[in-house]
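What follows is a set of notes on a single structure, which appears directly below.
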There are 2 protein chains.
Amino acid sequence: MLDELDTPAVLVDLAIATANIRRFQDFADRRGLVTRPHIKTHKLPQLARLQIEAGAVGITCQKIGEAEALVAAEPAIHDVLLTYNVMGAAKLARLVALSDWVRLSVVADSRSVVDGLSSAFASRPNPLIVLVECDTGGQRCGVTSPAAAADLAAAIEEAPGLCFGGLMTYPAAGKAADAAAFLAEAKRLIEAGGLSVDVVTSGGTPDIWKAETAGVITEYRPGTYVYNDRSLVARGVATPADCALTVLATVVSVPTPNRAIVDAGSKVLTSDLLGLIGYGEVLGRPDITIDQLSEEHGRLVSDGPIGLAVGDRVRILPNHACVVTNMVDAVSVLQLDGRVETWPVVARGRVT
Amino acid sequence: MLDELDTPAVLVDLAIATANIRRFQDFADRRGLVTRPHIKTHKLPQLARLQIEAGAVGITCQKIGEAEALVAAEPAIHDVLLTYNVMGAAKLARLVALSDWVRLSVVADSRSVVDGLSSAFASRPNPLIVLVECDTGGQRCGVTSPAAAADLAAAIEEAPGLCFGGLMTYPAAGKAADAAAFLAEAKRLIEAGGLSVDVVTSGGTPDIWKAETAGVITEYRPGTYVYNDRSLVARGVATPADCALTVLATVVSVPTPNRAIVDAGSKVLTSDLLGLIGYGEVLGRPDITIDQLSEEHGRLVSDGPIGLAVGDRVRILPNHACVVTNMVDAVSVLQLDGRVETWPVVARGRVT
């Protein structure tokens, strides 16, 4: 079946993805952690369903459009956490509409965001659940101290139409202990103020197998774990056998004995390096470096003979799975019975 | 009107794009150069039409899917050059179908590709025009010597269903003179063999204003020139006022006095650096560096006060326009009369 696929194609091995989902769910279950996978990686209702059937409490989305697309496509999704500061009339109206369909929670890291959410939900019958986003070392969004987290938690609880739902962080890789210390102190301060902290949610596949060390964490939001990728193999978080997403490409030119060009460039593999050398790994060919991408060409070079002919096909493990799936309208899914199904990436490109 | 747009949004200023098209067409006309713009940058039938109305002989596409989408949408497109080695039964069948609609030419850089094209077109009433792709220094695809170009030209001319159409190169930036020398020698050898070389086509916006220095070139295929971008400004090829494509983003968080986070990350701006520092330029704020992108967040830092508030909007000039337009389903086009129209990027994601 793979032989009949036109290239470039983004392949998903469903057996591997299913095993990845199962493995982390088991890990989390043993530690009493709730799982809430981030769908940014796959953007597929089918995989969201598998994650929920495996035991996830719901899904995490980054953009409202992702949530809208998945909720519309998959009735098993009843609970969505949007880990993003939502603002502006257009997005707030969509947020209100989405809250009619699922148990919705969002995050905030400033009074401005809380005020906007409150104005949109003040006249709604049920309050919107709002978590405080905490910057525990990633230096992206988030309040920067436990005291600020406690202040914002109180502001949320007081705001018409909102209720305080807990704490959220996206920790810096390798900083799980710092995150735990921040969150524990924030929780202590908030509880001292009379509020309960029902959810403390963290995420990130790089530290996925250390999720339990945090102690204070109640919920984990892994994204890339469903597919894994070359960067996670390089970090020792996954093995090549755990990688569910690859790119099938065709050799279109072999201009010199040690250079070949394939039909997957930056418009499929993306330019994400994540600190690695080369733009992906040609499976079975550790001697080859993908040393250059133009938009529709990938350049493969080897110190020795490249050993490829025009028309040959290669499979490439991309550096970063989450961005590759977002480049294509559909992925080719290798089913458990060997068939290949085409699944539209329904939440692809939902940037708002 | 821009105030009403939800963000992130990819904006195209039609007045600037039109002026960019006109400026290069005039430049080419004065030098007797045919223009054949590469639509990979905009992927829009509306802009292809403007390019043809300005005087372009036709368009250049990289993938068959791009050509299919544009030809279906815009009847003014009568002539397409596909600057890609086409192979495999599925793509060859689509190529045959496309040749019924437009004057189609393609490239080849190996006997394998020529054989495939010949097998598909041998029984067709009209021969397919095939140019020889030459590697004049870019070290991507292309025959690597003028003698090899001459051999392949003869093979094309002899192959059933094909006719030799000329020479094509995508030169390395700054190597226009090398490209001209290679192409002149290849042309001499081919003509010595009794074939005419009707078209010698080169491309690339980085050396667009040196297009005339090549002498042997008859046709130029600029792509990025329609929008320009930060990399071309850095190279001195365009000015900031010539840049038609920007990304409108909203500040979603200002966690510290010198850091702000916007709602455009790598899934809009892409990770393309093109040798630059930072992932784009915040217009009007040379003090700001976009030092980090995650998928849906862009991090803005300044040595001084960031001076932005949650909810503020910024416009970002991306490093590389061609890849940004490919991230979104539609662009917001600022019309000459000030209205903003939404144009679907119909050839987006057409990777096959």
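Chain labels A, B, ... are given in the sequence in which chains occur in the structure tokens; within each chain residues are numbered consecutively from 1, and ligands are likewise numbered from 1 in the order shown.
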
### Query
If we count only C-alpha atoms, what is near Ser196 (chain B) at a cut-off of 9 Å, once residues fewer than 6 positions away on the same chain are taken out, given as number ranges by chain?
B: 164-166, 187, 190

For the selection you just gave me, I'd like the residues written to a file as a compact mmCIF listing (two decimals), in the first residue's frame, keeping C-alpha atoms.
# COMPACT_ATOMS: atom_id res chain seq x y z
CA PHE B 164 14.03 19.93 -26.20
CA GLY B 165 13.00 23.37 -24.99
CA GLY B 166 16.12 24.97 -23.58
CA LYS B 187 24.19 26.50 -25.37
CA ILE B 190 23.93 22.06 -27.96

### Task
Can you check which residues of region 37-227 of chain B DSSP gives as strand (DSSP E or B) on the backbone and send them as a PyMOL selection string?
chain B and resi 38+59-61+79-85+103-108+128-134+143+162-169+199-203+219-221

### Task
Would you list the contacts of region 172-186 of chain B as a PyMOL selection string, taking every protein, DNA or RNA residue within 8 Å and counting only C-alpha atoms, but skipping same-chain residues closer than 4 positions in sequence?
chain B and resi 134+136-138+145-147+149-150+167+190+200+204+206-207+210-211+213-217

#### Entry: Surrounding residues of Ser112 (chain B) excluding itself and chain neighbours under 3 positions, 12 Å, only C-alpha atoms, as a PyMOL selection string
(chain A and resi 251-255+309-312) or (chain B and resi 85-88+108-109+115-119+152+155-156+159)

For the residues selected in the previous step, produce a file with C-alpha atoms as a JSON list (two decimals), in the first residue's frame.
[["chain", "number", "residue", "atom", "x", "y", "z"],
["A", 251, "VAL", "CA", 14.66, 10.68, -4.79],
["A", 252, "VAL", "CA", 14.21, 13.03, -7.75],
["A", 253, "SER", "CA", 17.86, 13.59, -8.61],
["A", 254, "VAL", "CA", 21.27, 12.07, -7.91],
["A", 255, "PRO", "CA", 23.49, 14.70, -9.47],
["A", 309, "ALA", "CA", 18.89, 6.08, -7.54],
["A", 310, "VAL", "CA", 16.31, 8.40, -9.06],
["A", 311, "GLY", "CA", 12.91, 7.02, -8.15],
["A", 312, "ASP", "CA", 14.03, 5.37, -4.91],
["B", 85, "ASN", "CA", 11.73, 16.54, -12.04],
["B", 86, "VAL", "CA", 8.37, 14.82, -12.43],
["B", 87, "MET", "CA", 8.28, 11.06, -12.00],
["B", 88, "GLY", "CA", 5.97, 8.23, -11.03],
["B", 108, "ALA", "CA", 14.78, 17.08, -16.39],
["B", 109, "ASP", "CA", 18.31, 16.47, -15.18],
["B", 115, "ASP", "CA", 12.43, 8.18, -19.86],
["B", 116, "GLY", "CA", 9.46, 8.61, -17.54],
["B", 117, "LEU", "CA", 8.26, 11.75, -19.31],
["B", 118, "SER", "CA", 8.67, 10.06, -22.68],
["B", 119, "SER", "CA", 6.66, 7.04, -21.66],
["B", 152, "LEU", "CA", 20.70, 15.27, -22.09],
["B", 155, "ALA", "CA", 18.39, 12.55, -25.41],
["B", 156, "ILE", "CA", 15.28, 14.68, -24.84],
["B", 159, "ALA", "CA", 12.82, 10.67, -26.90]]

### Task
Can you work out the spacing between CA of Gln51 (chain B) and CA of Pro37 (chain B) in Å, to one decimal?
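Those two atoms sit 7.2 Å apart.
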
#### Entry: Selection: 10 Å around Lys63 (chain B), only C-alpha atoms, excl. self and same-chain fewer than 5 positions, as a PyMOL selection string
(chain A and resi 263+296) or (chain B and resi 40+68+82-86+91+347+350-352)

### Task
Name the residues of region 86-311 of chain B that fall into alpha helix (DSSP H) according to DSSP on the backbone, using the chain letters and numbers of this document, as a ChimeraX atom specification.
/B:89-99,111-121,146-158,176-192,230-234,266-269

Selection to disk with C-alpha atoms, as a PDB file, in the first residue's frame:
ATOM      1  CA  ALA B  89       2.733   7.069 -12.638  1.00  0.00           C
ATOM      2  CA  ALA B  90       0.437   9.242 -10.537  1.00  0.00           C
ATOM      3  CA  LYS B  91       2.252  12.491 -11.220  1.00  0.00           C
ATOM      4  CA  LEU B  92       2.853  11.690 -14.896  1.00  0.00           C
ATOM      5  CA  ALA B  93      -0.865  11.117 -15.433  1.00  0.00           C
ATOM      6  CA  ARG B  94      -1.601  14.510 -13.839  1.00  0.00           C
ATOM      7  CA  LEU B  95       1.078  16.095 -15.999  1.00  0.00           C
ATOM      8  CA  VAL B  96      -0.593  14.728 -19.130  1.00  0.00           C
ATOM      9  CA  ALA B  97      -3.948  16.088 -17.987  1.00  0.00           C
ATOM     10  CA  LEU B  98      -2.412  19.484 -17.247  1.00  0.00           C
ATOM     11  CA  SER B  99      -0.880  19.602 -20.724  1.00  0.00           C
ATOM     12  CA  ARG B 111      17.847  10.005 -18.307  1.00  0.00           C
ATOM     13  CA  SER B 112      15.541   8.425 -15.734  1.00  0.00           C
ATOM     14  CA  VAL B 113      13.338  11.489 -15.643  1.00  0.00           C
ATOM     15  CA  VAL B 114      13.429  11.820 -19.450  1.00  0.00           C
ATOM     16  CA  ASP B 115      12.428   8.181 -19.856  1.00  0.00           C
ATOM     17  CA  GLY B 116       9.457   8.614 -17.538  1.00  0.00           C
ATOM     18  CA  LEU B 117       8.264  11.752 -19.312  1.00  0.00           C
ATOM     19  CA  SER B 118       8.670  10.060 -22.681  1.00  0.00           C
ATOM     20  CA  SER B 119       6.657   7.039 -21.664  1.00  0.00           C
ATOM     21  CA  ALA B 120       3.815   9.295 -20.544  1.00  0.00           C
ATOM     22  CA  PHE B 121       3.807  11.548 -23.608  1.00  0.00           C
ATOM     23  CA  PRO B 146      27.791  21.840 -20.002  1.00  0.00           C
ATOM     24  CA  ALA B 147      28.730  18.587 -21.750  1.00  0.00           C
ATOM     25  CA  ALA B 148      26.187  16.677 -19.668  1.00  0.00           C
ATOM     26  CA  ALA B 149      23.590  19.305 -20.515  1.00  0.00           C
ATOM     27  CA  ALA B 150      24.273  18.807 -24.208  1.00  0.00           C
ATOM     28  CA  ASP B 151      24.028  15.026 -23.904  1.00  0.00           C
ATOM     29  CA  LEU B 152      20.697  15.269 -22.088  1.00  0.00           C
ATOM     30  CA  ALA B 153      19.358  17.834 -24.566  1.00  0.00           C
ATOM     31  CA  ALA B 154      20.027  15.352 -27.370  1.00  0.00           C
ATOM     32  CA  ALA B 155      18.395  12.549 -25.410  1.00  0.00           C
ATOM     33  CA  ILE B 156      15.281  14.684 -24.836  1.00  0.00           C
ATOM     34  CA  GLU B 157      15.024  15.596 -28.498  1.00  0.00           C
ATOM     35  CA  GLU B 158      15.319  11.924 -29.489  1.00  0.00           C
ATOM     36  CA  ALA B 176      25.098  34.906 -11.715  1.00  0.00           C
ATOM     37  CA  ALA B 177      28.344  35.178 -13.668  1.00  0.00           C
ATOM     38  CA  ASP B 178      29.179  31.499 -13.068  1.00  0.00           C
ATOM     39  CA  ALA B 179      25.694  30.575 -14.173  1.00  0.00           C
ATOM     40  CA  ALA B 180      26.039  32.631 -17.344  1.00  0.00           C
ATOM     41  CA  ALA B 181      29.347  30.995 -18.235  1.00  0.00           C
ATOM     42  CA  PHE B 182      27.937  27.481 -17.702  1.00  0.00           C
ATOM     43  CA  LEU B 183      24.806  28.216 -19.706  1.00  0.00           C
ATOM     44  CA  ALA B 184      26.662  29.912 -22.568  1.00  0.00           C
ATOM     45  CA  GLU B 185      28.950  26.921 -22.936  1.00  0.00           C
ATOM     46  CA  ALA B 186      26.059  24.463 -22.741  1.00  0.00           C
ATOM     47  CA  LYS B 187      24.189  26.499 -25.372  1.00  0.00           C
ATOM     48  CA  ARG B 188      27.228  26.494 -27.638  1.00  0.00           C
ATOM     49  CA  LEU B 189      27.623  22.714 -27.367  1.00  0.00           C
ATOM     50  CA  ILE B 190      23.927  22.063 -27.959  1.00  0.00           C
ATOM     51  CA  GLU B 191      23.798  24.364 -30.965  1.00  0.00           C
ATOM     52  CA  ALA B 192      26.944  22.705 -32.324  1.00  0.00           C
ATOM     53  CA  ARG B 230      13.353  40.776   5.747  1.00  0.00           C
ATOM     54  CA  SER B 231      16.071  38.621   4.180  1.00  0.00           C
ATOM     55  CA  LEU B 232      15.911  40.594   0.934  1.00  0.00           C
ATOM     56  CA  VAL B 233      16.036  43.879   2.812  1.00  0.00           C
ATOM     57  CA  ALA B 234      19.095  42.593   4.683  1.00  0.00           C
ATOM     58  CA  SER B 266       6.469  29.053  14.180  1.00  0.00           C
ATOM     59  CA  LYS B 267       3.142  27.893  12.779  1.00  0.00           C
ATOM     60  CA  VAL B 268       2.817  31.321  11.136  1.00  0.00           C
ATOM     61  CA  LEU B 269       6.284  32.884  10.932  1.00  0.00           C
TER      62      LEU B 269
END

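In this model, the gap between CA of Ser271 (chain B) and CA of Thr325 (chain A) comes to 15.1 Å.
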
### Task
Considering only C-alpha atoms, return as a list of chain:residue names whatever protein or nucleic-acid residues lie within 10 Å of Ala72 (chain B), sequence-local ones (same chain, fewer than 2 positions apart) excluded.
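Answer for this query is B:Pro45, B:Ala67, B:Glu68, B:Ala69, B:Leu70, B:Glu74, B:Pro75, B:Ile77, B:Leu98, B:Trp101, B:Val346.
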
### Task
One decimal, Å: what's the distance from CA of Phe24 (chain B) over to CA of Ala56 (chain B), could you say?
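CA of Phe24 (chain B) sits 10.3 Å away from CA of Ala56 (chain B).
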
### Query
Any idea what's packed within 6 Å of Val247 (chain B), counting only C-alpha atoms, ignoring anything in its chain fewer than 6 positions away? Could you give it as a list in words?
Ala9, Val10, Leu11, Arg315 and Ile316 of chain B

Those residues you just picked out, can you put them in a file as a short mmCIF file (atom, residue, chain, number, x, y, z; two decimals), in the first residue's frame with N, CA and C atoms?
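Done, and the output landed in part-v4.cif:
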data_model
loop_
_atom_site.label_atom_id
_atom_site.label_comp_id
_atom_site.auth_asym_id
_atom_site.auth_seq_id
_atom_site.Cartn_x
_atom_site.Cartn_y
_atom_site.Cartn_z
N ALA B 9 -2.76 37.26 11.50
CA ALA B 9 -3.22 37.34 10.12
C ALA B 9 -2.03 37.67 9.23
N VAL B 10 -2.01 37.06 8.07
CA VAL B 10 -0.99 37.38 7.08
C VAL B 10 -1.57 38.44 6.16
N LEU B 11 -0.95 39.61 6.18
CA LEU B 11 -1.44 40.76 5.41
C LEU B 11 -0.63 40.90 4.12
N ARG B 315 2.96 44.69 13.75
CA ARG B 315 3.14 44.09 12.44
C ARG B 315 4.58 43.61 12.33
N ILE B 316 4.70 42.40 11.86
CA ILE B 316 6.01 41.75 11.80
C ILE B 316 6.37 41.48 10.34
#

### Summary
Using only C-alpha atoms, the shortest atom-to-atom distance to Ala244 (chain A) among A:Thr256, A:Ser123, A:Asn319, A:Asn20 belongs to A:Asn20

### Query
Looking at only C-alpha atoms, which of A:Thr270, A:Ser332, A:Gln25, A:Thr250 is the one that sits closest to Leu300 (chain A)?
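Using only C-alpha atoms, the shortest distance to Leu300 (chain A) belongs to A:Thr250.
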